[in-house]
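Reproduced below: data22.txt, with compact mmCIF, C-alpha atoms and all ligand atoms.
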# COMPACT_ATOMS: atom_id res chain seq x y z
CA MET A 9 173.57 188.71 -51.34
CA GLU A 10 170.82 187.44 -53.62
CA GLU A 11 168.38 184.88 -52.25
CA ARG A 12 169.35 181.46 -53.56
CA THR A 13 167.48 178.21 -53.22
CA HIS A 14 169.03 175.25 -51.44
CA LYS A 15 169.68 173.45 -54.74
CA ASN A 16 171.05 176.51 -56.54
CA TYR A 17 173.48 177.06 -53.69
CA PHE A 18 175.11 173.66 -54.25
CA ASP A 19 174.93 173.98 -58.05
CA ILE A 20 176.83 177.29 -57.97
CA ALA A 21 179.26 176.13 -55.28
CA TYR A 22 180.41 173.16 -57.39
CA LYS A 23 180.56 175.24 -60.59
CA THR A 24 182.65 177.97 -58.96
CA GLY A 25 184.79 175.72 -56.74
CA THR A 26 183.48 177.38 -53.58
CA ASP A 27 182.41 174.02 -52.06
CA VAL A 28 184.68 174.45 -49.04
CA TRP A 29 183.39 171.24 -47.40
CA SER A 30 185.16 169.30 -50.17
CA LEU A 31 188.51 170.47 -48.76
CA ARG A 32 188.06 168.84 -45.34
CA ASP A 33 190.34 165.96 -44.50
CA ILE A 34 188.38 162.72 -44.90
CA SER A 35 191.11 160.25 -43.95
CA GLU A 36 189.39 159.43 -40.63
CA ARG A 37 185.84 159.40 -41.99
CA GLY A 38 183.87 156.22 -41.83
CA ARG A 39 185.89 154.54 -39.08
CA GLU A 40 182.80 153.34 -37.15
CA LEU A 41 180.96 152.32 -40.30
CA LEU A 42 183.86 150.34 -41.76
CA ALA A 43 184.24 148.48 -38.46
CA GLY A 44 180.62 147.32 -38.76
CA ILE A 45 180.41 146.16 -42.38
CA ALA A 46 182.58 143.77 -44.37
CA PRO A 47 184.19 144.56 -47.73
CA GLY A 48 181.75 143.68 -50.53
CA ALA A 49 178.82 145.24 -48.64
CA LEU A 50 176.57 147.57 -50.63
CA VAL A 51 176.66 151.18 -49.36
CA LEU A 52 174.55 154.18 -50.37
CA GLU A 53 175.84 157.72 -49.80
CA LEU A 54 173.16 160.42 -49.53
CA GLY A 55 174.40 163.71 -50.96
CA SER A 56 177.69 162.39 -52.35
CA GLY A 57 179.01 165.74 -53.67
CA ARG A 58 182.41 165.29 -55.33
CA GLY A 59 182.27 161.63 -54.32
CA ARG A 60 185.30 161.66 -52.06
CA PHE A 61 183.79 159.43 -49.34
CA ALA A 62 182.08 157.18 -51.89
CA PHE A 63 185.31 156.69 -53.89
CA MET A 64 187.21 155.98 -50.67
CA LEU A 65 184.69 153.23 -49.84
CA ALA A 66 184.94 151.74 -53.33
CA GLU A 67 188.75 151.77 -53.09
CA ASN A 68 188.32 149.79 -49.85
CA LYS A 69 186.37 147.08 -51.70
CA TYR A 70 182.83 148.15 -50.84
CA ARG A 71 180.18 148.39 -53.59
CA VAL A 72 178.87 151.91 -53.61
CA ILE A 73 176.10 154.10 -55.00
CA GLY A 74 176.21 157.83 -54.43
CA ILE A 75 173.21 160.05 -55.00
CA ASP A 76 173.15 163.81 -55.30
CA PHE A 77 170.66 166.22 -56.86
CA ILE A 78 173.34 168.23 -58.71
CA GLU A 79 173.51 166.52 -62.09
CA HIS A 80 176.81 167.95 -63.34
CA ILE A 81 178.73 166.79 -60.24
CA VAL A 82 177.13 163.33 -60.56
CA ASP A 83 178.19 163.19 -64.23
CA LYS A 84 181.71 164.32 -63.37
CA ASN A 85 182.01 161.58 -60.72
CA ASN A 86 180.74 158.94 -63.14
CA ARG A 87 183.35 160.01 -65.71
CA GLU A 88 186.10 159.45 -63.10
CA ILE A 89 185.13 155.86 -62.29
CA GLU A 90 187.06 154.27 -65.14
CA THR A 91 190.21 156.35 -64.67
CA ARG A 92 190.22 155.42 -60.99
CA GLY A 93 190.06 151.73 -61.94
CA LEU A 94 186.71 151.30 -60.15
CA THR A 95 184.49 150.18 -63.02
CA GLY A 96 181.63 148.00 -61.77
CA LYS A 97 182.28 148.92 -58.11
CA ILE A 98 180.64 152.34 -57.84
CA ARG A 99 178.17 154.57 -59.63
CA PHE A 100 176.54 157.92 -59.03
CA ILE A 101 172.88 158.78 -59.65
CA THR A 102 171.15 162.14 -59.90
CA ALA A 103 168.34 161.95 -57.36
CA ASP A 104 166.75 163.64 -54.37
CA VAL A 105 167.48 162.05 -50.98
CA LEU A 106 163.79 162.55 -50.19
CA ASP A 107 162.75 160.35 -53.11
CA ILE A 108 165.42 157.69 -53.59
CA PRO A 109 164.90 155.80 -56.86
CA LEU A 110 166.25 152.52 -55.44
CA THR A 111 164.80 149.27 -54.18
CA ASP A 112 163.53 148.65 -50.63
CA GLU A 113 165.88 146.85 -48.25
CA SER A 114 168.76 146.68 -50.74
CA PHE A 115 171.66 148.30 -48.83
CA ASN A 116 173.88 147.09 -46.00
CA ALA A 117 174.62 150.69 -45.06
CA VAL A 118 173.52 154.25 -45.78
CA ALA A 119 175.93 157.15 -45.10
CA ASP A 120 175.40 160.88 -44.93
CA ILE A 121 178.29 163.29 -44.56
CA GLY A 122 176.91 166.82 -44.31
CA THR A 123 173.58 166.55 -46.14
CA LEU A 124 170.85 166.19 -43.48
CA GLU A 125 172.00 169.41 -41.78
CA HIS A 126 170.92 171.40 -44.84
CA LEU A 127 167.38 170.00 -45.01
CA PRO A 128 164.54 171.89 -43.32
CA ARG A 129 163.04 170.13 -40.28
CA THR A 130 159.85 169.50 -42.20
CA ASP A 131 161.83 167.18 -44.51
CA TRP A 132 163.40 165.11 -41.73
CA PRO A 133 160.57 162.53 -41.42
CA ARG A 134 160.63 161.91 -45.18
CA TYR A 135 164.43 161.67 -45.16
CA VAL A 136 164.39 159.12 -42.30
CA SER A 137 161.67 157.05 -43.94
CA GLU A 138 163.65 156.90 -47.22
CA ALA A 139 166.92 155.94 -45.47
CA PHE A 140 165.00 153.31 -43.47
CA ARG A 141 163.22 151.95 -46.56
CA VAL A 142 166.37 151.27 -48.63
CA LEU A 143 168.29 149.68 -45.73
CA LYS A 144 168.21 145.97 -44.99
CA THR A 145 167.08 145.02 -41.49
CA GLY A 146 170.20 145.18 -39.32
CA GLY A 147 171.84 147.56 -41.80
CA TYR A 148 173.72 150.66 -40.59
CA TYR A 149 173.00 154.34 -40.99
CA TYR A 150 176.12 156.50 -40.52
CA LEU A 151 175.88 160.26 -40.07
CA ILE A 152 178.50 162.98 -39.78
CA THR A 153 176.72 166.25 -39.11
CA LEU A 154 177.15 169.65 -37.49
CA SER A 155 177.12 169.43 -33.69
CA ARG A 156 175.42 171.85 -31.29
CA GLU A 157 178.69 171.67 -29.31
CA THR A 158 180.11 174.19 -31.83
CA PRO A 159 180.85 177.38 -29.89
CA GLN A 160 181.06 179.65 -32.91
CA PHE A 161 179.63 179.58 -36.43
CA GLN A 162 180.12 182.86 -38.25
CA LYS A 163 178.59 185.47 -35.90
CA TRP A 164 176.48 182.93 -33.97
CA ASN A 165 176.90 180.60 -31.03
CA PRO A 166 175.20 177.24 -31.76
CA LYS A 167 176.18 175.87 -28.33
CA THR A 168 173.87 178.29 -26.53
CA SER A 169 171.22 178.39 -29.27
CA GLU A 170 167.70 177.10 -28.58
CA THR A 171 167.12 175.84 -32.12
CA GLY A 172 170.54 175.39 -33.80
CA ASP A 173 169.07 176.71 -37.06
CA TYR A 174 170.74 179.28 -39.28
CA VAL A 175 170.35 180.46 -42.88
CA VAL A 176 173.41 181.80 -44.69
CA ASP A 177 173.23 182.87 -48.36
CA GLY A 178 169.93 181.04 -48.73
CA LEU A 179 171.36 177.76 -47.35
CA HIS A 180 169.90 176.27 -44.17
CA TYR A 181 172.28 174.90 -41.51
CA HIS A 182 171.18 172.86 -38.53
CA PHE A 183 173.52 172.03 -35.61
CA PHE A 184 172.28 168.79 -34.02
CA THR A 185 172.14 167.61 -30.44
CA LEU A 186 172.22 163.90 -29.72
CA ASP A 187 168.68 164.19 -28.33
CA GLU A 188 167.47 165.50 -31.68
CA ILE A 189 169.07 162.53 -33.42
CA ARG A 190 167.33 160.19 -30.96
CA GLN A 191 163.97 161.92 -31.52
CA THR A 192 164.36 161.98 -35.30
CA PHE A 193 165.58 158.40 -35.83
CA GLY A 194 164.63 156.76 -32.55
CA ALA A 195 161.56 154.77 -33.51
CA SER A 196 163.23 153.02 -36.42
CA PHE A 197 166.86 152.72 -35.35
CA ASN A 198 169.03 151.64 -32.45
CA LEU A 199 171.91 153.94 -31.44
CA VAL A 200 175.16 151.96 -31.77
CA SER A 201 177.79 154.65 -31.17
CA THR A 202 178.21 158.38 -31.01
CA ARG A 203 181.05 160.86 -30.61
CA VAL A 204 181.77 164.52 -31.15
CA GLU A 205 184.84 165.58 -33.10
CA HIS A 206 186.47 169.00 -33.20
CA HIS A 207 187.56 170.18 -36.64
CA ALA A 208 190.29 172.70 -35.76
CA PRO A 209 190.67 174.48 -39.14
CA SER A 210 186.99 175.55 -39.20
CA GLY A 211 186.29 175.60 -35.45
CA LEU A 212 183.27 173.36 -36.12
CA TYR A 213 182.32 170.36 -34.01
CA PHE A 214 180.87 167.33 -35.76
CA LEU A 215 178.45 164.79 -34.33
CA ILE A 216 179.24 161.32 -35.62
CA VAL A 217 176.59 158.67 -35.08
CA LEU A 218 176.16 155.07 -36.10
CA LEU A 219 172.61 153.69 -35.98
CA GLN A 220 171.28 150.25 -36.80
CA LYS A 221 167.93 149.55 -38.46
CA LEU A 222 165.71 147.55 -36.16
C1 LIG A 301 177.79 169.82 -47.71
S1 LIG A 301 177.66 168.84 -49.14
C2 LIG A 301 178.49 167.34 -48.65
C3 LIG A 301 178.95 166.52 -49.83
C4 LIG A 301 179.75 165.27 -49.49
N1 LIG A 301 178.97 164.33 -48.71
C5 LIG A 301 181.05 165.62 -48.77
O1 LIG A 301 181.19 165.30 -47.58
O2 LIG A 301 181.94 166.21 -49.41
C6 LIG A 301 175.94 168.32 -49.19
C7 LIG A 301 175.60 167.60 -50.48
O3 LIG A 301 174.24 167.17 -50.42
C8 LIG A 301 173.63 167.42 -51.67
N2 LIG A 301 172.19 167.57 -51.39
C9 LIG A 301 171.61 168.46 -50.58
N3 LIG A 301 170.28 168.27 -50.52
C10 LIG A 301 170.02 167.21 -51.32
C11 LIG A 301 168.83 166.53 -51.67
N4 LIG A 301 167.63 166.90 -51.20
N5 LIG A 301 168.94 165.47 -52.50
C12 LIG A 301 170.14 165.10 -52.99
N6 LIG A 301 171.31 165.71 -52.71
C13 LIG A 301 171.24 166.75 -51.87
C14 LIG A 301 174.30 168.67 -52.20
O4 LIG A 301 174.22 168.81 -53.59
C15 LIG A 301 175.74 168.46 -51.73
O5 LIG A 301 176.51 167.78 -52.67

Is it possible to give me this structure as C-alpha cells?
Amino acid sequence: MEERTHKNYFDIAYKTGTDVWSLRDISERGRELLAGIAPGALVLELGSGRGRFAFMLAENKYRVIGIDFIEHIVDKNNREIETRGLTGKIRFITADVLDIPLTDESFNAVADIGTLEHLPRTDWPRYVSEAFRVLKTGGYYYLITLSRETPQFQKWNPKTSETGDYVVDGLHYHFFTLDEIRQTFGASFNLVSTRVEHHAPSGLYFLIVLLQKL
C-alpha cells in the first residue's frame, strides 16, 4: 500500500466512498452534550466529515459550524444546507482544527467525533489550546474517540498496548485511556461525565467524554 499523508487519506476516502466511519449509527450521539446545552446554542464540530452530526444538531435547533480540512466535502455539505431547509442555521468551513479561523470565546460547545484520534501526539497541545480558545467560559467540549478498552483492532490488541498508537495505510489511530484525556485536557477543563460504549458491528469501544471549560 502506498504511503499516504493524513490529509490525503481522508481526501481519497471521501472521493471513493470508503469513509466507513460515515456508516456508523449516530442516533445516540450527542446525548450528554444535548443535555447540557439549550437549543439556540452555538456549536462547533471539529472534523465534521459528511456533516451528519452537525446536521443532526442543526435539525435540533442548535446553530452549528462544522470545520474540516477536506474542501470538497465541506463544499458538498454547504450545498445540502438549503435542500435540508437549514439555511441560516448551519455552515461548513474548510479549515485545520489546529488553526481555527474563528473568534475567541464564541461557542457554547465544541464537539469532536473521531478526529482527535487521528492527530499525532505532538499536535494535541495545539488542538486543546484551539478548542479552549474558541469556547466560552463554562462551555462544553464533547469527545467521542477510540477507547483503549478495545480488545481487537485489525491484528492488534489496544487493551493490552502500552501506547495505543497504530498507523494503517498512512493514517494514525490512537486509542485513548481516560487518564490520557485527563492529562491532555486537565489543566483547562473539568471532567463532567465519561462512559465507554461498545460498537458491536466493528468490535470497537468508544470513549465518550464531556468536559467543561474552567
Ligand atoms: C474519522 S472522520 C470523522 C468525521 C465525522 N466527525 C463523523 O463522525 O462522521 C475524521 C474527520 O476529521 C477530518 N480531519 C482530520 N484532521 C483534521 C485537521 N487537522 N483539520 C481539520 N479536519 C481534520 C477529516 O477530514 C475527517 O473528515

All residues within 8 Å of ligand LIG 301 (chain A) are required, counting all atoms listed in the file; please report them as a PyMOL selection string.
chain A and resi 14-15+18-19+27+29-32+53-61+75-78+81+102-106+120-124+126-127

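Of the listed residues (A:Ala195, A:His207, A:Phe100, A:Glu113), A:Phe100 comes nearest to Glu88 in chain A; the distances count only C-alpha atoms.
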
Determine, counting only C-alpha atoms, which protein, DNA and RNA residues have an atom within 10 Å of an atom of range 171-180 of chain A; residues of the same chain fewer than 6 positions away are not included. Present the result as a ChimeraX atom specification.
/A:9-18,125-129,154-156,158,161-162,164-165

Have a look at A:Phe63, A:Phe184, A:Trp132, A:Phe140 and name the one nearest to Glu157 in chain A; count only C-alpha atoms.
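For Glu157 in chain A, the nearest of the given residues is A:Phe184.
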
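With distances restricted to only C-alpha atoms, A:Lys221 is the closest residue to Arg141 in chain A from A:Arg37, A:Lys23, A:Lys167, A:Lys221.
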
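Among A:Ser35, A:Thr130, A:Ser137, A:Asn86, the residue with the shortest atom-to-atom distance to Asp112 in chain A, counting all atoms listed in the file, is A:Ser137.
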
Extract, using all atoms listed in the file, all DNA, RNA and protein residues at most 12 Å from range 189-191 of chain A, discarding same-chain residues fewer than 3 positions from it, and format them as a VMD selection string.
chain A and resid 124 to 125 129 132 to 133 136 149 to 156 182 to 186 194 to 202 215 to 219

In Å to one decimal, how far is CA of Leu50 in chain A from CA of Tyr70 in chain A?
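Those two atoms sit 6.3 Å apart.
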
Pairwise distance for CA of Lys69 in chain A and CA of Ile45 in chain A, rounded to one decimal in Å:
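Computing the Euclidean distance for CA of Lys69 in chain A and CA of Ile45 in chain A yields 11.1 Å.
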
Distance CA of Arg203 in chain A-CA of Glu36 in chain A, one decimal place?
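Answer for the CA of Arg203 in chain A to CA of Glu36 in chain A separation: 13.1 Å.
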
Given all atoms listed in the file as the counted atoms, nearest of A:Lys144, A:Lys97, A:Arg71, A:Arg39 to Gln220 in chain A:
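Closest candidate: A:Lys144.
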
Min atom-atom distance to Lys84 in chain A from the set A:Tyr22, A:Leu110, A:Glu205, A:Val142, counting all atoms listed in the file, belongs to A:Tyr22
